[in-house]
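Structure data follow from query.pdb (PDB, C-alpha atoms):
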MODEL        1
ATOM      1  CA  MET A   1      -4.974  -8.288  14.663
ATOM      2  CA  ARG A   2      -6.011  -5.920  11.879
ATOM      3  CA  ILE A   3      -3.235  -4.703   9.578
ATOM      4  CA  ALA A   4      -4.111  -1.984   7.078
ATOM      5  CA  THR A   5      -2.425  -0.072   4.297
ATOM      6  CA  TYR A   6      -3.430   3.421   3.231
ATOM      7  CA  ASN A   7      -1.884   5.813   0.715
ATOM      8  CA  VAL A   8      -2.888   9.085   2.366
ATOM      9  CA  ASN A   9      -1.716  11.349  -0.496
ATOM     10  CA  GLY A  10      -0.367  14.007   1.874
ATOM     11  CA  ILE A  11      -0.609  13.220   5.561
ATOM     12  CA  ASN A  12      -0.895  16.749   6.901
ATOM     13  CA  GLY A  13      -3.378  18.003   4.342
ATOM     14  CA  ARG A  14      -5.583  14.946   4.894
ATOM     15  CA  LEU A  15      -4.950  14.457   8.601
ATOM     16  CA  PRO A  16      -8.630  14.937   9.602
ATOM     17  CA  VAL A  17      -9.614  12.107   7.222
ATOM     18  CA  LEU A  18      -6.873   9.817   8.551
ATOM     19  CA  LEU A  19      -7.787  10.515  12.184
ATOM     20  CA  ARG A  20     -11.488   9.975  11.478
ATOM     21  CA  TRP A  21     -10.769   6.621   9.853
ATOM     22  CA  LEU A  22      -8.451   5.545  12.680
ATOM     23  CA  GLU A  23     -11.067   6.455  15.280
ATOM     24  CA  THR A  24     -13.774   4.626  13.338
ATOM     25  CA  SER A  25     -12.013   1.389  12.416
ATOM     26  CA  ARG A  26      -9.268   1.135  15.074
ATOM     27  CA  PRO A  27      -6.789  -0.975  13.082
ATOM     28  CA  ASP A  28      -3.940  -2.423  15.114
ATOM     29  CA  VAL A  29      -1.208  -1.738  12.555
ATOM     30  CA  VAL A  30      -1.281   0.747   9.684
ATOM     31  CA  CYS A  31       1.152   1.148   6.801
ATOM     32  CA  LEU A  32       1.007   4.627   5.263
ATOM     33  CA  GLN A  33       2.370   5.859   1.957
ATOM     34  CA  GLU A  34       2.785   9.205   0.179
ATOM     35  CA  LEU A  35       3.268  11.190   3.365
ATOM     36  CA  LYS A  36       4.594  14.135   1.326
ATOM     37  CA  ALA A  37       6.126  15.523   4.515
ATOM     38  CA  GLN A  38       9.631  16.065   5.764
ATOM     39  CA  GLN A  39      10.781  14.004   8.725
ATOM     40  CA  ALA A  40      10.220  16.855  11.193
ATOM     41  CA  ASN A  41       6.696  17.553   9.922
ATOM     42  CA  PHE A  42       5.144  14.160  10.653
ATOM     43  CA  PRO A  43       2.059  14.547  12.940
ATOM     44  CA  ALA A  44       3.286  12.147  15.623
ATOM     45  CA  GLN A  45       1.480  13.968  18.439
ATOM     46  CA  ALA A  46      -1.953  13.820  16.793
ATOM     47  CA  LEU A  47      -1.532  10.110  16.116
ATOM     48  CA  GLY A  48      -0.185   9.531  19.615
ATOM     49  CA  ASP A  49      -3.298  11.143  21.062
ATOM     50  CA  LEU A  50      -5.259   8.308  19.438
ATOM     51  CA  GLY A  51      -2.931   5.707  20.963
ATOM     52  CA  TYR A  52      -0.699   5.087  17.933
ATOM     53  CA  GLU A  53       3.059   4.773  18.143
ATOM     54  CA  ALA A  54       4.731   5.552  14.816
ATOM     55  CA  ILE A  55       7.925   5.245  12.832
ATOM     56  CA  TRP A  56       8.317   7.088   9.551
ATOM     57  CA  LEU A  57      10.654   7.974   6.726
ATOM     58  CA  GLY A  58       9.773  11.378   5.347
ATOM     59  CA  GLN A  59      10.731  13.305   2.229
ATOM     60  CA  LYS A  60       9.970  16.865   1.213
ATOM     61  CA  SER A  61       6.956  17.127  -1.124
ATOM     62  CA  TRP A  62       7.075  13.517  -2.358
ATOM     63  CA  ASN A  63       6.897   9.879  -1.295
ATOM     64  CA  GLY A  64       7.299   9.012   2.407
ATOM     65  CA  VAL A  65       6.239   5.874   4.293
ATOM     66  CA  ALA A  66       5.251   5.103   7.870
ATOM     67  CA  ILE A  67       4.064   2.345  10.169
ATOM     68  CA  LEU A  68       1.633   2.925  13.038
ATOM     69  CA  ALA A  69       0.820   0.537  15.871
ATOM     70  CA  ARG A  70      -1.934   0.803  18.457
ATOM     71  CA  GLU A  71      -1.207  -0.430  21.973
ATOM     72  CA  ALA A  72       1.929  -2.249  20.792
ATOM     73  CA  SER A  73       5.625  -1.552  20.524
ATOM     74  CA  ILE A  74       7.244  -1.027  17.148
ATOM     75  CA  HIS A  75      10.700  -2.524  16.726
ATOM     76  CA  GLU A  76      12.151  -0.988  13.559
ATOM     77  CA  THR A  77      14.140  -3.488  11.509
ATOM     78  CA  ARG A  78      14.855  -1.604   8.296
ATOM     79  CA  ARG A  79      14.744   1.951   6.960
ATOM     80  CA  GLY A  80      15.070   2.005   3.190
ATOM     81  CA  LEU A  81      15.136  -0.826   0.686
ATOM     82  CA  PRO A  82      18.405  -2.755   0.224
ATOM     83  CA  GLY A  83      19.696  -2.118  -3.278
ATOM     84  CA  ASP A  84      17.378   0.832  -3.951
ATOM     85  CA  PRO A  85      18.638   2.427  -7.196
ATOM     86  CA  ASP A  86      17.785   5.864  -5.763
ATOM     87  CA  PRO A  87      18.028   5.692  -1.941
ATOM     88  CA  GLY A  88      17.213   9.395  -1.690
ATOM     89  CA  GLN A  89      13.551   8.506  -2.271
ATOM     90  CA  SER A  90      11.649   7.427   0.850
ATOM     91  CA  ARG A  91       9.809   4.290  -0.208
ATOM     92  CA  TYR A  92      10.313   1.482   2.345
ATOM     93  CA  ILE A  93      10.249   0.989   6.094
ATOM     94  CA  GLU A  94       9.952  -2.240   8.101
ATOM     95  CA  ALA A  95       9.264  -3.228  11.702
ATOM     96  CA  ALA A  96       8.392  -6.127  13.988
ATOM     97  CA  ILE A  97       5.083  -5.702  15.819
ATOM     98  CA  ASN A  98       3.490  -8.332  18.046
ATOM     99  CA  GLY A  99       5.481 -11.133  16.439
ATOM    100  CA  VAL A 100       4.773 -10.110  12.832
ATOM    101  CA  LEU A 101       7.263  -8.414  10.527
ATOM    102  CA  VAL A 102       5.534  -5.622   8.602
ATOM    103  CA  GLY A 103       6.929  -3.769   5.588
ATOM    104  CA  SER A 104       5.335  -0.557   4.309
ATOM    105  CA  LEU A 105       6.221   0.174   0.686
ATOM    106  CA  TYR A 106       5.548   2.703  -2.015
ATOM    107  CA  LEU A 107       6.648   1.235  -5.338
ATOM    108  CA  PRO A 108       7.369   3.853  -8.039
ATOM    109  CA  ASN A 109       4.584   4.778 -10.430
ATOM    110  CA  GLY A 110       6.807   4.551 -13.507
ATOM    111  CA  ASN A 111       4.923   6.764 -15.941
ATOM    112  CA  PRO A 112       5.534   7.711 -18.664
ATOM    113  CA  ALA A 113       6.487   4.307 -19.989
ATOM    114  CA  PRO A 114       8.767   3.436 -21.566
ATOM    115  CA  GLY A 115      11.377   5.843 -20.255
ATOM    116  CA  PRO A 116      13.674   6.591 -17.301
ATOM    117  CA  ARG A 117      10.857   6.585 -14.763
ATOM    118  CA  PHE A 118       9.705   3.174 -15.888
ATOM    119  CA  ASP A 119      13.284   1.923 -15.756
ATOM    120  CA  TYR A 120      13.519   3.150 -12.173
ATOM    121  CA  LYS A 121      10.241   1.424 -11.314
ATOM    122  CA  LEU A 122      11.558  -1.888 -12.619
ATOM    123  CA  GLY A 123      14.928  -1.430 -10.922
ATOM    124  CA  TRP A 124      13.259  -0.699  -7.596
ATOM    125  CA  ALA A 125      10.932  -3.649  -8.115
ATOM    126  CA  ASP A 126      13.881  -5.974  -8.740
ATOM    127  CA  ALA A 127      15.468  -4.871  -5.465
ATOM    128  CA  PHE A 128      12.148  -5.363  -3.675
ATOM    129  CA  VAL A 129      11.626  -8.841  -5.130
ATOM    130  CA  ALA A 130      15.124  -9.796  -3.970
ATOM    131  CA  HIS A 131      14.413  -8.508  -0.453
ATOM    132  CA  ALA A 132      11.056 -10.299  -0.403
ATOM    133  CA  ALA A 133      12.829 -13.551  -1.303
ATOM    134  CA  ARG A 134      15.168 -13.133   1.647
ATOM    135  CA  LEU A 135      12.200 -12.567   3.943
ATOM    136  CA  ILE A 136      10.464 -15.706   2.654
ATOM    137  CA  GLU A 137      13.618 -17.706   3.366
ATOM    138  CA  THR A 138      13.519 -16.758   7.049
ATOM    139  CA  GLY A 139      10.191 -18.535   7.532
ATOM    140  CA  ALA A 140       9.001 -15.601   9.647
ATOM    141  CA  PRO A 141       5.421 -14.285   9.576
ATOM    142  CA  VAL A 142       5.628 -11.274   7.262
ATOM    143  CA  VAL A 143       3.165  -8.828   5.717
ATOM    144  CA  LEU A 144       4.317  -6.600   2.856
ATOM    145  CA  ALA A 145       1.685  -3.875   2.601
ATOM    146  CA  GLY A 146       1.485  -0.762   0.527
ATOM    147  CA  ASP A 147       0.874   0.985  -2.745
ATOM    148  CA  TYR A 148       2.504  -1.335  -5.283
ATOM    149  CA  ASN A 149       1.461   0.784  -8.281
ATOM    150  CA  ILE A 150       0.776  -2.510 -10.052
ATOM    151  CA  ILE A 151      -2.565  -3.686 -11.436
ATOM    152  CA  PRO A 152      -2.078  -7.461 -11.220
ATOM    153  CA  THR A 153      -4.783  -8.660 -13.640
ATOM    154  CA  PRO A 154      -7.485  -7.310 -15.977
ATOM    155  CA  ALA A 155     -10.012  -8.044 -13.219
ATOM    156  CA  ASP A 156      -8.300  -5.403 -11.088
ATOM    157  CA  VAL A 157      -9.062  -2.398 -13.302
ATOM    158  CA  TYR A 158     -12.098  -0.759 -14.836
ATOM    159  CA  LYS A 159     -11.887  -1.075 -18.634
ATOM    160  CA  PRO A 160      -8.454  -2.724 -18.791
ATOM    161  CA  GLU A 161      -8.147  -2.076 -22.524
ATOM    162  CA  ARG A 162      -7.532   1.588 -21.696
ATOM    163  CA  TRP A 163      -4.512   0.766 -19.519
ATOM    164  CA  THR A 164      -2.438  -1.468 -21.767
ATOM    165  CA  GLU A 165       0.380   1.093 -22.196
ATOM    166  CA  ASP A 166       0.278   2.456 -18.650
ATOM    167  CA  ALA A 167       3.238   1.709 -16.336
ATOM    168  CA  LEU A 168       0.863   0.209 -13.769
ATOM    169  CA  PHE A 169      -0.444  -2.405 -16.203
ATOM    170  CA  ARG A 170       2.341  -3.062 -18.656
ATOM    171  CA  PRO A 171       3.440  -6.723 -18.796
ATOM    172  CA  GLU A 172       6.766  -5.942 -17.103
ATOM    173  CA  ALA A 173       4.976  -4.515 -14.064
ATOM    174  CA  ARG A 174       2.478  -7.355 -13.846
ATOM    175  CA  GLN A 175       5.346  -9.843 -14.039
ATOM    176  CA  VAL A 176       6.787  -8.272 -10.878
ATOM    177  CA  PHE A 177       3.613  -9.188  -9.011
ATOM    178  CA  SER A 178       3.664 -12.692 -10.491
ATOM    179  CA  ARG A 179       7.271 -13.147  -9.376
ATOM    180  CA  LEU A 180       6.259 -12.321  -5.818
ATOM    181  CA  LEU A 181       3.398 -14.823  -5.889
ATOM    182  CA  ASP A 182       5.771 -17.426  -7.317
ATOM    183  CA  GLN A 183       8.023 -16.926  -4.310
ATOM    184  CA  GLY A 184       5.143 -18.031  -2.076
ATOM    185  CA  TRP A 185       3.478 -14.753  -1.098
ATOM    186  CA  THR A 186      -0.335 -14.740  -0.937
ATOM    187  CA  ASP A 187      -2.463 -11.873  -2.223
ATOM    188  CA  ALA A 188      -4.740 -11.703   0.820
ATOM    189  CA  LEU A 189      -7.576  -9.780  -0.800
ATOM    190  CA  ARG A 190      -7.888 -12.261  -3.642
ATOM    191  CA  LEU A 191      -7.757 -15.186  -1.225
ATOM    192  CA  HIS A 192     -11.020 -14.008   0.339
ATOM    193  CA  HIS A 193     -12.555 -12.307  -2.720
ATOM    194  CA  PRO A 194     -11.419 -14.345  -5.741
ATOM    195  CA  GLN A 195     -14.106 -13.092  -8.150
ATOM    196  CA  GLU A 196     -15.315  -9.859  -6.602
ATOM    197  CA  THR A 197     -14.726  -6.471  -8.210
ATOM    198  CA  LEU A 198     -12.513  -4.715  -5.679
ATOM    199  CA  TYR A 199     -10.701  -1.434  -6.221
ATOM    200  CA  THR A 200      -8.490   0.583  -3.898
ATOM    201  CA  PHE A 201      -7.937   3.722  -6.006
ATOM    202  CA  TRP A 202     -10.282   6.043  -7.867
ATOM    203  CA  ASP A 203      -9.011   9.082  -9.746
ATOM    204  CA  TYR A 204     -10.306  12.536  -8.813
ATOM    205  CA  PHE A 205     -11.279  13.161 -12.430
ATOM    206  CA  ARG A 206     -14.262  12.105 -14.546
ATOM    207  CA  ASN A 207     -16.384  11.218 -11.517
ATOM    208  CA  ALA A 208     -14.410   7.977 -11.182
ATOM    209  CA  TYR A 209     -15.431   7.139  -7.620
ATOM    210  CA  ALA A 210     -19.154   7.554  -8.244
ATOM    211  CA  ARG A 211     -18.858   5.402 -11.377
ATOM    212  CA  ASN A 212     -16.659   2.858  -9.581
ATOM    213  CA  ALA A 213     -14.085   3.290 -12.328
ATOM    214  CA  GLY A 214     -11.172   2.212 -10.192
ATOM    215  CA  LEU A 215      -7.977   0.215  -9.890
ATOM    216  CA  ARG A 216      -6.658  -2.283  -7.354
ATOM    217  CA  ILE A 217      -3.067  -1.211  -6.701
ATOM    218  CA  ASP A 218      -2.840  -1.337  -2.891
ATOM    219  CA  HIS A 219      -1.953  -4.844  -1.775
ATOM    220  CA  LEU A 220      -1.160  -6.870   1.320
ATOM    221  CA  LEU A 221       1.029  -9.882   0.584
ATOM    222  CA  VAL A 222       1.451 -12.410   3.394
ATOM    223  CA  SER A 223       4.151 -15.021   3.853
ATOM    224  CA  PRO A 224       3.343 -18.761   3.910
ATOM    225  CA  SER A 225       3.544 -18.979   7.690
ATOM    226  CA  LEU A 226       0.687 -16.461   8.007
ATOM    227  CA  VAL A 227      -1.792 -17.837   5.487
ATOM    228  CA  ASP A 228      -3.507 -20.178   7.931
ATOM    229  CA  ARG A 229      -3.971 -17.260  10.317
ATOM    230  CA  LEU A 230      -5.787 -15.050   7.783
ATOM    231  CA  ARG A 231      -9.371 -14.482   8.845
ATOM    232  CA  ALA A 232     -10.635 -11.619   6.663
ATOM    233  CA  SER A 233      -9.644  -8.871   4.239
ATOM    234  CA  ASN A 234     -11.401  -5.973   2.550
ATOM    235  CA  VAL A 235     -11.341  -2.366   1.394
ATOM    236  CA  ASP A 236     -12.880   0.491   3.407
ATOM    237  CA  ARG A 237     -14.284   1.872   0.177
ATOM    238  CA  GLU A 238     -16.533   4.466   1.826
ATOM    239  CA  VAL A 239     -13.518   6.434   3.093
ATOM    240  CA  ARG A 240     -12.721   7.431  -0.491
ATOM    241  CA  GLY A 241     -16.052   9.254  -0.557
ATOM    242  CA  TRP A 242     -15.338  11.414   2.486
ATOM    243  CA  GLU A 243     -14.681  15.111   1.961
ATOM    244  CA  ARG A 244     -11.025  15.899   1.151
ATOM    245  CA  SER A 245     -10.162  12.209   1.109
ATOM    246  CA  SER A 246      -7.160  10.621  -0.579
ATOM    247  CA  ASP A 247      -7.740   9.071  -3.986
ATOM    248  CA  HIS A 248      -6.934   5.707  -2.329
ATOM    249  CA  ALA A 249      -9.036   3.813   0.214
ATOM    250  CA  PRO A 250      -7.702   1.921   3.243
ATOM    251  CA  THR A 251      -7.241  -1.808   2.620
ATOM    252  CA  TRP A 252      -6.855  -4.336   5.408
ATOM    253  CA  ILE A 253      -6.472  -7.895   6.597
ATOM    254  CA  GLU A 254      -7.250  -9.621   9.882
ATOM    255  CA  ILE A 255      -5.015 -12.354  11.247
ATOM    256  CA  ALA A 256      -5.494 -14.567  14.266
ATOM    257  CA  THR A 257      -3.053 -13.838  17.086
TER     258      THR A 257
ENDMDL
END
Structure re-expressed in C-alpha cells:
Amino acid sequence: MRIATYNVNGINGRLPVLLRWLETSRPDVVCLQELKAQQANFPAQALGDLGYEAIWLGQKSWNGVAILAREASIHETRRGLPGDPDPGQSRYIEAAINGVLVGSLYLPNGNPAPGPRFDYKLGWADAFVAHAARLIETGAPVVLAGDYNIIPTPADVYKPERWTEDALFRPEARQVFSRLLDQGWTDALRLHHPQETLYTFWDYFRNAYARNAGLRIDHLLVSPSLVDRLRASNVDREVRGWERSSDHAPTWIEIAT
C-alpha cells in the first residue's frame, strides 16, 4: 500500500501535473495540500476518471486539504483539527482507508517570525500535537502526512545558516517536530534514508531546483503499530522538474498490507 503526500500549490492550475503523476506512479492513497480551491471547485470528476475516490476541505484562494484513495473506500473520520485557533482555515482532514487512519495536514507557514502569523503557527501546532497524542493512545495504525512547514534538522535544508530566523527552522518550530517524535511517531523517510540528502521543496527562484537548494518540509509520520510494516519511502523528485509543476515534490511510503 503506497501512501503519498503532495502539496499541489493550486489543484486546478496544476491538474495536468497531478494527473500525470497519478497515472505514472499509481499511489493507493494520496494526501493533498494547498488546493487553493473552494469546495465546489474541486476536480472530483477528473480524479474519479483515474479511479480515485476523494474527500476534501476547500477554501477560496488559500489552504485546502484532501485525501484520495484508489480502488478503496474512504471513511471520513474528521474534518478540521480539534482546537484549531482559526477553524476558518482549511488545514486538516482525516479518514480510515483499508484499515489505516490517514490524516492530511497543512501546518501554517508562520512567516514573518516573530509575529502574529508565527503565533498562529505555534498555536495550531499545539492543537495538532495534542490530537496526535490522542491518536497514539488508540494504538491504531495511523499515518499523519502533509506539508508540516517544519525543517526538522540542519540536514534537511540547503545552507541551514541562512534559515536560522525563518519560521520553518526556528527552534520553536523544530521543537514541535521533536515533540511528535517523542510521542512515538516515526519519521518514515529518515528511517530508510538516515544520512541521505533528501528535499521535498525547491523554491521557484534562483534556480533552486537545478542547484538542489531545497528543504525537507513534507513528512509522513507513522504510529508505532505501523513501523514494522514499513517497506520503503522516498521522494518523487523528478516531478518538481516537470513543466508548471508545484514547488513541492510528491513524497511517499509503502507499507505491507
Polymer residues at most 12 Å from Leu50 of chain A, only C-alpha atoms, same-chain spacing of 4 or more positions, as a PyMOL selection string: chain A and resi 18-28+43-46+54+68-71
Distance in Å - atom CA of Val176 of chain A versus atom CA of Pro116 of chain A: 17.6 Å
How big is the axis-aligned box, and where does its centre sit, when it encloses all atoms of segment 27-36 of chain A listed in the file and has 5 Å added on every side, reported in Å to one decimal as JSON?
{"center_x": -1.1, "center_y": 5.9, "center_z": 7.6, "size_x": 21.4, "size_y": 26.6, "size_z": 24.9}
Counting all atoms listed in the file, write as a ChimeraX atom specification all protein and nucleic acid residues lying at most 12 Å from (-1.4, -11.0, -2.7) in the file's frame. /A:143-146,148,150-153,176-194,216-224,227,233,252-253
Rounded to one decimal place, report the atom CA of Thr138 of chain A-atom CA of Glu34 of chain A distance in Å. 28.9 Å
Here is a test: counting only C-alpha atoms, which residue of A:Tyr204, A:Glu76, A:Ala140, A:Thr5 is nearest to Asp236 of chain A? A:Thr5
For the structure shown, which residues end up in the PyMOL selection byres ((chain A and resi 208-215) around 7)? Put them as a PyMOL selection string, please? chain A and resi 151+156-158+199-207+216-217
For the file shown, report as a short mmCIF file (atom, residue, chain, number, x, y, z; two decimals) with C-alpha atoms, in the coordinates of the input the outcome of the PyMOL selection byres ((chain A and resi 90) around 10) at residue level.
data_model
loop_
_atom_site.label_atom_id
_atom_site.label_comp_id
_atom_site.auth_asym_id
_atom_site.auth_seq_id
_atom_site.Cartn_x
_atom_site.Cartn_y
_atom_site.Cartn_z
CA GLN A 33 2.37 5.86 1.96
CA GLU A 34 2.78 9.20 0.18
CA LEU A 35 3.27 11.19 3.36
CA LYS A 36 4.59 14.14 1.33
CA TRP A 56 8.32 7.09 9.55
CA LEU A 57 10.65 7.97 6.73
CA GLY A 58 9.77 11.38 5.35
CA GLN A 59 10.73 13.30 2.23
CA LYS A 60 9.97 16.86 1.21
CA TRP A 62 7.08 13.52 -2.36
CA ASN A 63 6.90 9.88 -1.30
CA GLY A 64 7.30 9.01 2.41
CA VAL A 65 6.24 5.87 4.29
CA ALA A 66 5.25 5.10 7.87
CA ARG A 79 14.74 1.95 6.96
CA GLY A 80 15.07 2.00 3.19
CA LEU A 81 15.14 -0.83 0.69
CA ASP A 84 17.38 0.83 -3.95
CA ASP A 86 17.78 5.86 -5.76
CA PRO A 87 18.03 5.69 -1.94
CA GLY A 88 17.21 9.40 -1.69
CA GLN A 89 13.55 8.51 -2.27
CA ARG A 91 9.81 4.29 -0.21
CA TYR A 92 10.31 1.48 2.35
CA ILE A 93 10.25 0.99 6.09
CA LEU A 105 6.22 0.17 0.69
CA TYR A 106 5.55 2.70 -2.02
#
Is it possible to get the residues within 6 Å of (2.2, -18.2, 10.0) (coordinates as in the file, counting only C-alpha atoms) written as a ChimeraX atom specification? /A:141,225-226
Near Arg170 of chain A, within 9 Å and counting only C-alpha atoms, which residues show up once chain neighbours fewer than 4 positions away are dropped, as a PyMOL selection string? chain A and resi 113+150-151+163-166+174-175
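Here atom CA of Asn234 of chain A is placed at a distance of 9.5 Å from atom CA of Ala4 of chain A.
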Picked residues, the PyMOL selection byres ((chain A and resi 237) around 8), as a PDB file with C-alpha atoms, in the coordinates of the input:
ATOM      1  CA  THR A 200      -8.490   0.583  -3.898  1.00  0.00           C
ATOM      2  CA  VAL A 235     -11.341  -2.366   1.394  1.00  0.00           C
ATOM      3  CA  ASP A 236     -12.880   0.491   3.407  1.00  0.00           C
ATOM      4  CA  GLU A 238     -16.533   4.466   1.826  1.00  0.00           C
ATOM      5  CA  VAL A 239     -13.518   6.434   3.093  1.00  0.00           C
ATOM      6  CA  ARG A 240     -12.721   7.431  -0.491  1.00  0.00           C
ATOM      7  CA  GLY A 241     -16.052   9.254  -0.557  1.00  0.00           C
ATOM      8  CA  ALA A 249      -9.036   3.813   0.214  1.00  0.00           C
ATOM      9  CA  PRO A 250      -7.702   1.921   3.243  1.00  0.00           C
TER      10      PRO A 250
END
